[in-house]
file final24.txt (compact mmCIF, C-alpha atoms and all ligand atoms)
# COMPACT_ATOMS: atom_id res chain seq x y z
CA MET N 267 -7.79 17.46 8.74
CA THR N 268 -8.99 15.97 5.50
CA SER N 269 -7.45 13.98 2.77
CA LEU N 270 -9.44 14.41 -0.40
CA ASN N 271 -9.11 10.87 -1.59
CA GLN N 272 -11.67 9.59 0.87
CA ASP N 273 -14.94 8.57 -0.71
CA LYS N 274 -15.41 5.02 -1.89
CA GLU N 275 -15.82 5.85 -5.56
CA THR N 276 -12.72 8.06 -5.71
CA VAL N 277 -10.71 5.31 -4.05
CA ALA N 278 -11.99 2.68 -6.47
CA THR N 279 -11.06 5.00 -9.36
CA SER N 280 -7.59 5.61 -7.90
CA ILE N 281 -7.03 1.88 -7.55
CA THR N 282 -8.00 1.24 -11.18
CA HIS N 283 -5.81 4.11 -12.31
CA LEU N 284 -2.81 3.04 -10.25
CA ALA N 285 -3.16 -0.62 -11.29
CA GLY N 286 -3.19 0.44 -14.96
CA TYR N 287 -0.11 2.55 -14.40
CA PHE N 288 1.76 -0.24 -12.56
CA PHE N 289 0.71 -2.71 -15.24
CA ASP N 290 2.17 -0.52 -18.01
CA GLN N 291 5.36 0.12 -16.06
CA SER N 292 5.80 -3.61 -15.43
CA ARG N 293 5.26 -4.54 -19.07
CA LYS N 294 7.93 -2.01 -19.99
CA GLU N 295 10.23 -3.88 -17.59
CA SER N 296 10.77 -0.71 -15.58
CA HIS N 297 13.16 -0.66 -12.67
CA ILE N 298 10.93 -0.12 -9.64
CA GLY N 299 11.99 0.64 -6.07
CA ILE N 300 9.51 -0.03 -3.27
CA PHE N 301 10.03 1.89 -0.04
CA PRO N 302 8.42 0.81 3.26
CA HIS N 303 8.73 3.28 6.14
CA ALA N 304 11.69 3.23 8.53
CA ARG N 305 11.49 0.57 11.28
CA ALA N 306 9.00 -1.23 9.06
CA ASP N 307 6.17 -3.18 10.69
CA ALA N 308 4.33 -6.17 9.23
CA ASP N 309 1.95 -3.94 7.26
CA ALA N 310 4.77 -1.96 5.63
CA LEU N 311 6.82 -5.08 4.84
CA GLY N 312 3.78 -7.16 3.85
CA ALA N 313 2.66 -4.42 1.46
CA ALA N 314 6.13 -3.82 0.01
CA LEU N 315 7.04 -7.47 -0.49
CA SER N 316 3.67 -8.59 -1.89
CA LEU N 317 3.57 -5.69 -4.33
CA ALA N 318 7.15 -6.55 -5.36
CA ILE N 319 6.15 -10.16 -6.08
CA ALA N 320 3.15 -9.01 -8.12
CA LEU N 321 5.02 -6.44 -10.23
CA GLN N 322 7.91 -8.82 -10.81
CA ASP N 323 5.44 -11.39 -12.01
CA LEU N 324 4.27 -8.84 -14.60
CA GLY N 325 7.80 -8.16 -15.88
CA ALA N 326 9.15 -5.32 -13.73
CA LYS N 327 12.58 -5.35 -12.15
CA VAL N 328 11.74 -4.65 -8.52
CA GLU N 329 13.76 -3.98 -5.39
CA VAL N 330 12.42 -3.37 -1.89
CA ILE N 331 14.75 -0.86 -0.25
CA ALA N 332 14.88 -0.48 3.54
CA ASP N 333 17.10 1.35 6.02
CA GLU N 334 17.54 -1.69 8.18
CA LYS N 335 16.99 -5.43 8.19
CA ALA N 336 13.51 -6.67 9.02
CA ALA N 337 12.98 -6.84 12.80
CA PRO N 338 13.83 -10.32 14.10
CA SER N 339 10.13 -10.99 14.70
CA LEU N 340 9.39 -10.31 11.02
CA GLN N 341 12.22 -12.24 9.41
CA PHE N 342 9.92 -15.20 8.85
CA LEU N 343 7.94 -13.20 6.27
CA PRO N 344 8.27 -14.67 2.78
CA GLU N 345 10.90 -12.85 0.68
CA ALA N 346 12.14 -10.83 3.69
CA GLU N 347 15.65 -11.96 2.75
CA THR N 348 15.38 -10.15 -0.62
CA ILE N 349 15.17 -6.72 1.02
CA VAL N 350 17.99 -4.47 -0.18
CA LEU N 351 19.60 -2.47 2.61
CA TYR N 352 20.27 1.17 1.90
CA SER N 353 23.97 1.88 1.43
CA GLU N 354 26.22 4.26 -0.51
CA GLU N 355 26.20 1.77 -3.33
CA VAL N 356 22.43 1.97 -3.60
CA ALA N 357 22.28 5.75 -3.09
CA ASP N 358 22.98 6.63 -6.75
CA ARG N 359 20.40 4.31 -8.18
CA GLN N 360 17.83 6.00 -10.35
CA PHE N 361 14.59 4.08 -10.38
CA ASP N 362 12.08 4.55 -13.19
CA LEU N 363 9.44 4.45 -10.50
CA ALA N 364 9.66 4.71 -6.71
CA ILE N 365 6.66 3.54 -4.67
CA ALA N 366 6.29 4.46 -0.98
CA VAL N 367 4.10 2.11 1.04
CA ASP N 368 2.51 2.63 4.47
CA LEU N 369 3.75 6.23 4.67
CA ASN N 370 2.74 9.37 2.88
CA THR N 371 5.48 11.93 3.43
CA PRO N 372 8.89 10.98 2.03
CA ASP N 373 10.68 12.31 5.13
CA ARG N 374 9.54 9.16 6.94
CA LEU N 375 12.02 7.38 4.67
CA GLU N 376 14.85 8.99 6.64
CA ASN N 377 18.16 8.01 4.90
CA ARG N 378 16.33 6.89 1.77
CA GLU N 379 14.41 10.10 1.18
CA LYS N 380 16.83 11.38 -1.49
CA LEU N 381 16.94 8.01 -3.25
CA PHE N 382 13.14 8.01 -3.38
CA LEU N 383 12.92 11.59 -4.65
CA GLN N 384 15.53 11.15 -7.38
CA ALA N 385 13.45 8.46 -9.15
CA SER N 386 11.84 9.53 -12.44
CA GLN N 387 8.31 8.90 -11.21
CA HIS N 388 6.60 8.35 -7.86
CA ALA N 389 3.61 6.67 -6.31
CA ILE N 390 2.31 6.47 -2.75
CA ILE N 391 0.01 3.85 -1.22
CA ASP N 392 -1.01 4.45 2.38
CA HIS N 393 -3.75 4.61 5.00
CA HIS N 394 -2.34 7.23 7.39
CA VAL N 395 -3.91 10.64 7.82
CA ARG N 396 -2.31 13.43 5.79
CA ASP N 397 -3.28 17.05 5.82
CA GLU N 398 -2.67 17.62 2.14
CA GLU N 399 -4.40 17.12 -1.19
CA ASP N 400 -3.65 13.87 -2.96
CA LYS N 401 -1.63 14.09 -6.13
CA ASP N 402 -1.60 11.85 -9.17
CA ASN N 403 -0.52 8.27 -8.41
CA GLU N 404 -1.26 8.66 -4.72
CA LEU N 405 -3.63 6.24 -3.11
CA ILE N 406 -4.21 7.37 0.46
CA TYR N 407 -7.30 5.93 2.07
CA THR N 408 -7.56 6.36 5.81
CA SER N 409 -10.67 4.15 6.04
CA SER N 410 -8.61 1.18 4.95
CA SER N 411 -7.57 -1.09 7.82
CA SER N 412 -4.05 -1.34 6.49
CA THR N 413 -1.90 -0.73 3.46
CA CYS N 414 -2.10 -4.47 2.81
CA GLU N 415 -5.87 -4.15 2.34
CA LEU N 416 -5.17 -1.61 -0.44
CA ILE N 417 -2.45 -3.80 -1.96
CA PHE N 418 -4.94 -6.69 -2.10
CA ARG N 419 -7.25 -4.49 -4.17
CA LEU N 420 -4.40 -3.41 -6.43
CA ILE N 421 -3.31 -7.00 -7.05
CA SER N 422 -6.92 -7.95 -7.84
CA ALA N 423 -7.02 -5.15 -10.40
CA LEU N 424 -3.65 -6.28 -11.81
CA GLU N 425 -5.03 -9.80 -12.18
CA ALA N 426 -7.99 -8.44 -14.12
CA LEU N 427 -5.70 -6.41 -16.39
CA SER N 428 -3.30 -9.26 -17.08
CA SER N 429 -5.93 -12.04 -17.13
CA LYS N 430 -3.69 -14.20 -14.98
CA ARG N 431 -3.41 -15.39 -11.41
CA ILE N 432 -0.92 -13.27 -9.45
CA PHE N 433 -1.93 -14.02 -5.84
CA ASN N 434 0.02 -16.94 -4.42
CA ASP N 435 0.87 -18.53 -1.06
CA ASP N 436 3.59 -15.98 -0.27
CA ILE N 437 1.40 -12.98 -1.11
CA ALA N 438 -1.38 -14.47 1.03
CA VAL N 439 0.92 -14.78 4.06
CA LEU N 440 2.29 -11.26 3.56
CA LEU N 441 -1.09 -9.58 3.19
CA ILE N 442 -2.69 -11.45 6.07
CA SER N 443 0.28 -10.60 8.32
CA GLY N 444 -0.10 -6.90 7.55
CA MET N 445 -3.85 -6.87 8.05
CA MET N 446 -3.63 -8.92 11.25
CA THR N 447 -1.09 -6.65 12.90
CA ASP N 448 -2.59 -3.32 11.87
CA THR N 449 -6.01 -4.40 13.16
CA GLY N 450 -4.71 -6.07 16.35
CA ARG N 451 -5.88 -9.46 15.09
CA PHE N 452 -9.07 -7.95 13.66
CA SER N 453 -10.12 -6.39 16.94
CA TYR N 454 -9.46 -2.63 16.57
CA SER N 455 -12.06 -0.19 15.30
CA ASN N 456 -10.18 0.14 12.00
CA THR N 457 -11.05 -3.48 11.10
CA THR N 458 -13.13 -3.40 7.93
CA PRO N 459 -15.55 -6.00 6.55
CA ARG N 460 -13.49 -5.79 3.37
CA ALA N 461 -10.30 -6.87 5.18
CA LEU N 462 -12.15 -9.81 6.73
CA ARG N 463 -13.51 -10.84 3.32
CA GLN N 464 -10.05 -10.55 1.79
CA VAL N 465 -8.53 -12.70 4.52
CA ALA N 466 -11.33 -15.27 4.25
CA TRP N 467 -10.72 -15.56 0.52
CA LEU N 468 -6.94 -15.83 0.94
CA LEU N 469 -7.44 -18.60 3.52
CA GLU N 470 -9.74 -20.44 1.12
CA GLU N 471 -7.44 -20.18 -1.85
CA PHE N 472 -3.92 -20.46 -0.44
CA LYS N 473 -1.79 -22.30 2.04
CA VAL N 474 -1.63 -20.15 5.17
CA ASP N 475 -0.85 -21.46 8.64
CA LEU N 476 -2.81 -19.02 10.78
CA ALA N 477 -1.67 -20.49 14.11
CA PHE N 478 1.94 -20.14 13.00
CA LEU N 479 1.36 -16.52 11.95
CA THR N 480 -0.31 -15.70 15.26
CA HIS N 481 2.61 -17.19 17.14
CA GLU N 482 5.22 -15.35 15.06
CA LEU N 483 3.44 -11.99 15.04
CA PHE N 484 1.88 -11.79 18.48
CA GLU N 485 2.92 -14.45 20.93
CA ARG N 486 6.58 -15.06 20.35
CA THR N 487 8.75 -13.28 22.86
CA THR N 488 12.16 -13.46 24.51
CA VAL N 489 13.30 -13.30 28.12
CA THR N 490 14.91 -9.93 27.28
CA GLN N 491 11.65 -8.61 25.92
CA LEU N 492 9.69 -9.72 28.97
CA GLN N 493 12.32 -8.13 31.23
CA ILE N 494 12.47 -4.75 29.48
CA ARG N 495 8.68 -4.61 29.36
CA GLY N 496 8.66 -5.29 33.08
CA ASP N 497 11.15 -2.47 33.67
CA VAL N 498 9.15 -0.01 31.58
CA LEU N 499 5.79 -1.00 33.05
CA ALA N 500 7.20 -0.65 36.57
CA SER N 501 8.32 2.89 35.74
CA MET N 502 4.95 4.12 34.41
CA LYS N 503 3.42 7.25 35.87
CA LEU N 504 0.04 8.95 35.75
CA ALA N 505 -0.69 12.54 34.73
CA ALA N 506 -3.76 14.72 34.15
CA GLY N 507 -5.53 13.29 37.19
CA GLY N 508 -5.01 9.73 36.03
CA ARG N 509 -6.17 10.23 32.44
CA ILE N 510 -2.70 9.98 30.93
CA LEU N 511 -0.51 6.95 31.56
CA TYR N 512 3.06 7.44 30.41
CA ALA N 513 6.55 6.05 30.57
CA SER N 514 9.88 7.51 29.48
CA VAL N 515 12.58 5.03 28.59
CA PRO N 516 16.20 6.21 28.78
CA ARG N 517 18.58 4.31 26.53
CA GLU N 518 20.43 3.19 29.63
CA MET N 519 17.38 1.19 30.69
CA MET N 520 17.37 -0.55 27.29
CA ASN N 521 21.13 -1.14 27.31
CA LYS N 522 21.05 -2.74 30.74
CA ARG N 523 18.84 -5.47 29.31
CA LYS N 524 20.52 -5.43 25.89
CA ALA N 525 17.02 -4.72 24.58
CA THR N 526 16.20 -3.48 21.09
CA ASP N 527 13.52 -0.97 20.12
CA ASP N 528 11.17 -3.58 18.71
CA ASN N 529 11.08 -5.15 22.20
CA LEU N 530 8.78 -2.26 23.10
CA ASP N 531 6.35 -2.83 20.21
CA TYR N 532 2.69 -2.72 21.25
CA LEU N 533 3.59 -1.70 24.79
CA SER N 534 1.83 1.67 24.45
CA SER N 535 -1.28 -0.20 23.26
CA ASP N 536 -1.16 -2.42 26.34
CA MET N 537 -0.84 0.67 28.55
CA ARG N 538 -3.93 2.25 26.98
CA GLU N 539 -6.02 -0.68 28.21
CA ALA N 540 -5.66 0.23 31.90
CA ASP N 541 -9.01 1.22 33.45
CA GLY N 542 -9.55 4.96 33.55
CA VAL N 543 -6.75 5.78 31.12
CA ASP N 544 -7.67 7.99 28.18
CA VAL N 545 -4.25 8.35 26.59
CA SER N 546 -1.05 6.36 26.85
CA ILE N 547 2.31 7.80 25.88
CA LEU N 548 5.59 5.94 25.56
CA LEU N 549 8.76 7.97 25.03
CA ARG N 550 12.15 6.40 24.39
CA GLU N 551 15.61 7.65 23.57
CA SER N 552 16.89 6.57 20.15
CA PRO N 553 19.89 4.18 20.14
CA ASP N 554 22.34 7.09 19.57
CA CYS N 555 20.49 9.25 22.13
CA THR N 556 20.00 12.10 19.61
CA GLU N 557 16.25 11.72 19.23
CA ILE N 558 13.19 10.89 21.29
CA HIS N 559 10.63 8.58 19.74
CA GLY N 560 7.08 8.91 20.96
CA SER N 561 4.21 6.49 20.63
CA VAL N 562 0.66 7.60 21.50
CA ARG N 563 -2.51 5.58 21.95
CA SER N 564 -5.87 7.18 22.61
CA ASN N 565 -9.12 5.81 24.00
CA SER N 566 -10.75 9.18 24.12
CA CYS N 567 -11.54 12.42 22.31
CA LEU N 568 -7.84 13.16 21.91
CA ASP N 569 -7.01 12.69 18.22
CA ALA N 570 -3.67 10.87 18.32
CA ALA N 571 -2.79 11.82 14.72
CA GLU N 572 -3.42 15.50 15.40
CA PHE N 573 -1.41 15.25 18.60
CA ALA N 574 1.56 13.61 16.86
CA GLN N 575 1.48 16.33 14.22
CA LEU N 576 2.33 18.87 16.93
CA PHE N 577 5.72 17.16 17.02
CA GLY N 578 6.08 16.59 13.27
CA GLY N 579 4.73 13.04 13.41
CA GLY N 580 1.50 11.44 12.29
CA GLY N 581 -0.62 8.33 12.28
CA HIS N 582 -4.20 7.49 13.06
CA VAL N 583 -6.96 8.82 15.32
CA ARG N 584 -6.25 6.18 17.98
CA ALA N 585 -2.58 5.41 17.35
CA SER N 586 0.28 7.60 16.25
CA GLY N 587 3.97 8.31 16.57
CA PHE N 588 6.50 11.11 16.36
CA THR N 589 10.21 11.88 16.67
CA ILE N 590 11.63 14.84 18.58
CA GLU N 591 15.13 16.15 17.94
CA GLY N 592 17.17 18.51 20.06
CA MET N 593 15.52 17.78 23.40
CA SER N 594 16.54 15.63 26.32
CA LEU N 595 14.20 12.88 27.42
CA GLU N 596 13.15 14.98 30.43
CA GLU N 597 12.47 18.06 28.30
CA ALA N 598 10.51 16.01 25.78
CA GLU N 599 8.47 14.44 28.57
CA THR N 600 7.54 17.83 30.03
CA GLU N 601 6.60 19.24 26.64
CA VAL N 602 4.64 16.19 25.46
CA LEU N 603 2.69 15.90 28.71
CA ALA N 604 1.85 19.62 28.71
CA GLN N 605 0.48 19.40 25.16
CA ALA N 606 -1.44 16.19 25.89
CA GLU N 607 -3.06 17.71 28.98
CA ARG N 608 -3.96 20.83 27.03
CA MET N 609 -5.49 18.82 24.18
CA LEU N 610 -7.41 16.56 26.54
CA GLU N 611 -8.89 19.58 28.34
CA GLN N 612 -9.87 21.16 25.04
CA CYS N 613 -11.66 18.15 23.64
CA LEU N 614 -13.76 17.40 26.69
MN MN W 1 -0.12 0.35 8.25
call {"tool": "encode", "arguments": {"input": "final24.txt", "output": "C-alpha cells", "more": "lines below"}}
Ligand SMILES: [Mn+2]
result
Amino acid sequence: MTSLNQDKETVATSITHLAGYFFDQSRKESHIGIFPHARADADALGAALSLAIALQDLGAKVEVIADEKAAPSLQFLPEAETIVLYSEEVADRQFDLAIAVDLNTPDRLENREKLFLQASQHAIIDHHVRDEEDKDNELIYTSSSSTCELIFRLISALEALSSKRIFNDDIAVLLISGMMTDTGRFSYSNTTPRALRQVAWLLEEFKVDLAFLTHELFERTTVTQLQIRGDVLASMKLAAGGRILYASVPREMMNKRKATDDNLDYLSSDMREADGVDVSILLRESPDCTEIHGSVRSNSCLDAAEFAQLFGGGGHVRASGFTIEGMSLEEAETEVLAQAERMLEQCL
C-alpha cells in the first residue's frame, strides 16, 4: 500500500506547485469550492475554513460546502457559520476549482460527490492512506500529522508568493484545532516535530486561547453524551481471546438517550487503551438504519487502514473507519469480527 507522493522533496515540490496554482486561481478571482469530508472533524473543518480565508484574501470567491452543519462541539470554530450546506440550489453550481480536504476519494463526499466532480478543475489535500498514484494537483502526504499541517505549509508558500501576511488569529485557531485533534493533543505517534513547530509559531504570533480550545475540543461534554458512552461501554464484549474489544450500537440505544453520532467520538480510541487489547472496534447503525458505520483503532500489527479497506473504507495505520451497506448490525458484527480475527492471526 503505497502512495507515491511520500518523500520529503516530492512533498515540498507539490506544495510549491499547488500554492502557485492556488495563487493564480485566486488572482483570477476564480469561484472555488472547498469540500471537507462528510461528518467533518476539526481537522477537515480547520483545513477547509483556513484555506478559504487565505484564498479569499488573495482574491478568490470561496465557499466551503458541507453535507451538514458543523457538529455542535465544533461550532465555536471561527467562520463555521459561513459553511454552505449542500442543497438542490447548490447542486448545479459549477466551480472553477473544487478542492477536497482531509479525504482523497470523492465518494467520501457522499451527496456532494457530483458537485465536486462537475467543477472545471480539482485539487486534493490529505494525509490519509490511498492505494493509488497521485495525480496533478494532489497533495497526499501520510506522514503529515493532519491536513491542517499541510495547509499551514500551503499558506506559508502563499505568503511568500504574494509578499503579504495571510495568517491571522482565525487561521491560527483553525489550524491548531485541527492539529490538536488529529494528534490527540500532540500525543499520538503521528505527531510531527513540524506540527509542534507550527503550533509554537502560531502561539507566538497570534491570539489563541489554548485552554479554551482544549475545553471546547476535548473536555466539554453533556449529560446525554456521558450517558450514551456509559451505555455503550457497559455493552462492550471481547473477542479473539481478549485481543479485540468491540461494541455494536443499535440506533435504538442512541434514540433512547436522544444521542447524536458525535456523542460517540473518540470512544473507540478510549476502548483501545484497555490493557491487553490489540484492536478496538465500534459499530453503530446510521440514523436511518440503512448503514453500519465502523470505527477501528489498533495498538498492534493489525493495519487499521488496510482493515477498513476490506469494507470500502480507509484511514490510518492506527485509526480508520468504514461504512457497510446492506447488512444488519448483527451481520456486520459477525463479518467484521471474523475479518479482524483473521487479520490479527495473520500478522502475528
Ligand atoms: Mn485529518
call {"tool": "closest_residue", "arguments": {"input": "final24.txt", "among": "N:Ala438, N:Phe433, N:Gly444, N:Thr371", "to": "Ser411 (chain N)", "atoms": "all atoms listed in the file"}}
result
N:Gly444
call {"tool": "residues_near_ligand", "arguments": {"input": "final24.txt", "ligand": "ligand MN 1 (chain W)", "cutoff": "7 Å", "atoms": "all atoms listed in the file", "output": "CSV table (one decimal) with C-alpha atoms, in the coordinates of the input"}}
result
chain,number,residue,atom,x,y,z
N,309,ASP,CA,2.0,-3.9,7.3
N,310,ALA,CA,4.8,-2.0,5.6
N,368,ASP,CA,2.5,2.6,4.5
N,393,HIS,CA,-3.8,4.6,5.0
N,412,SER,CA,-4.0,-1.3,6.5
N,413,THR,CA,-1.9,-0.7,3.5
N,448,ASP,CA,-2.6,-3.3,11.9
call {"tool": "residues_around", "arguments": {"input": "final24.txt", "residues": "Ala337 (chain N)", "least_positions_apart": "3", "cutoff": "9 Å", "atoms": "all atoms listed in the file", "output": "number ranges by chain"}}
result
N: 305-307, 334, 340-341, 528
call {"tool": "closest_residue", "arguments": {"input": "final24.txt", "among": "N:Ala570, N:Ile300, N:Val583, N:Ala346", "to": "Leu440 (chain N)", "atoms": "all atoms listed in the file"}}
result
N:Ala346
call {"tool": "closest_residue", "arguments": {"input": "final24.txt", "among": "N:His559, N:Lys335, N:Arg550, N:Arg517", "to": "Ser586 (chain N)", "atoms": "all atoms listed in the file"}}
result
N:His559
call {"tool": "residues_near_point", "arguments": {"input": "final24.txt", "point": "(-8.3, 5.7, 5.4)", "cutoff": "12 Å", "atoms": "all atoms listed in the file", "output": "ChimeraX atom specification"}}
result
/N:268-274,277,368,370,391-396,405-413,415-416,456-458,581-583
call {"tool": "closest_residue", "arguments": {"input": "final24.txt", "among": "N:Val367, N:Gly560, N:Asp541, N:Met609", "to": "Phe573 (chain N)", "atoms": "all atoms listed in the file"}}
result
N:Met609
call {"tool": "atom_distance", "arguments": {"input": "final24.txt", "atom1": "CA of Ile437 (chain N)", "atom2": "CA of Ile319 (chain N)"}}
result
7.4 Å
call {"tool": "atom_distance", "arguments": {"input": "final24.txt", "atom1": "CA of Asp436 (chain N)", "atom2": "CA of Gly312 (chain N)"}}
result
9.7 Å
call {"tool": "residues_around", "arguments": {"input": "final24.txt", "residues": "region 588-601 of chain N", "least_positions_apart": "6", "cutoff": "12 Å", "atoms": "all atoms listed in the file", "output": "VMD selection string"}}
result
chain N and resid 304 373 to 374 376 503 505 512 to 518 547 to 552 554 to 563 570 to 582 607 to 608
call {"tool": "closest_residue", "arguments": {"input": "final24.txt", "among": "N:Ala540, N:Val350, N:Leu530, N:Leu469", "to": "Thr488 (chain N)", "atoms": "only C-alpha atoms"}}
result
N:Leu530
call {"tool": "closest_residue", "arguments": {"input": "final24.txt", "among": "N:Glu471, N:Asp333, N:Glu398, N:Glu482", "to": "Met446 (chain N)", "atoms": "all atoms listed in the file"}}
result
N:Glu482
call {"tool": "residues_near_point", "arguments": {"input": "final24.txt", "point": "(-0.5, -17.1, -0.2)", "cutoff": "12 Å", "atoms": "only C-alpha atoms", "output": "MDAnalysis selection string"}}
result
chainID N and resid 312 316 319:320 343:344 418 431:443 464:476
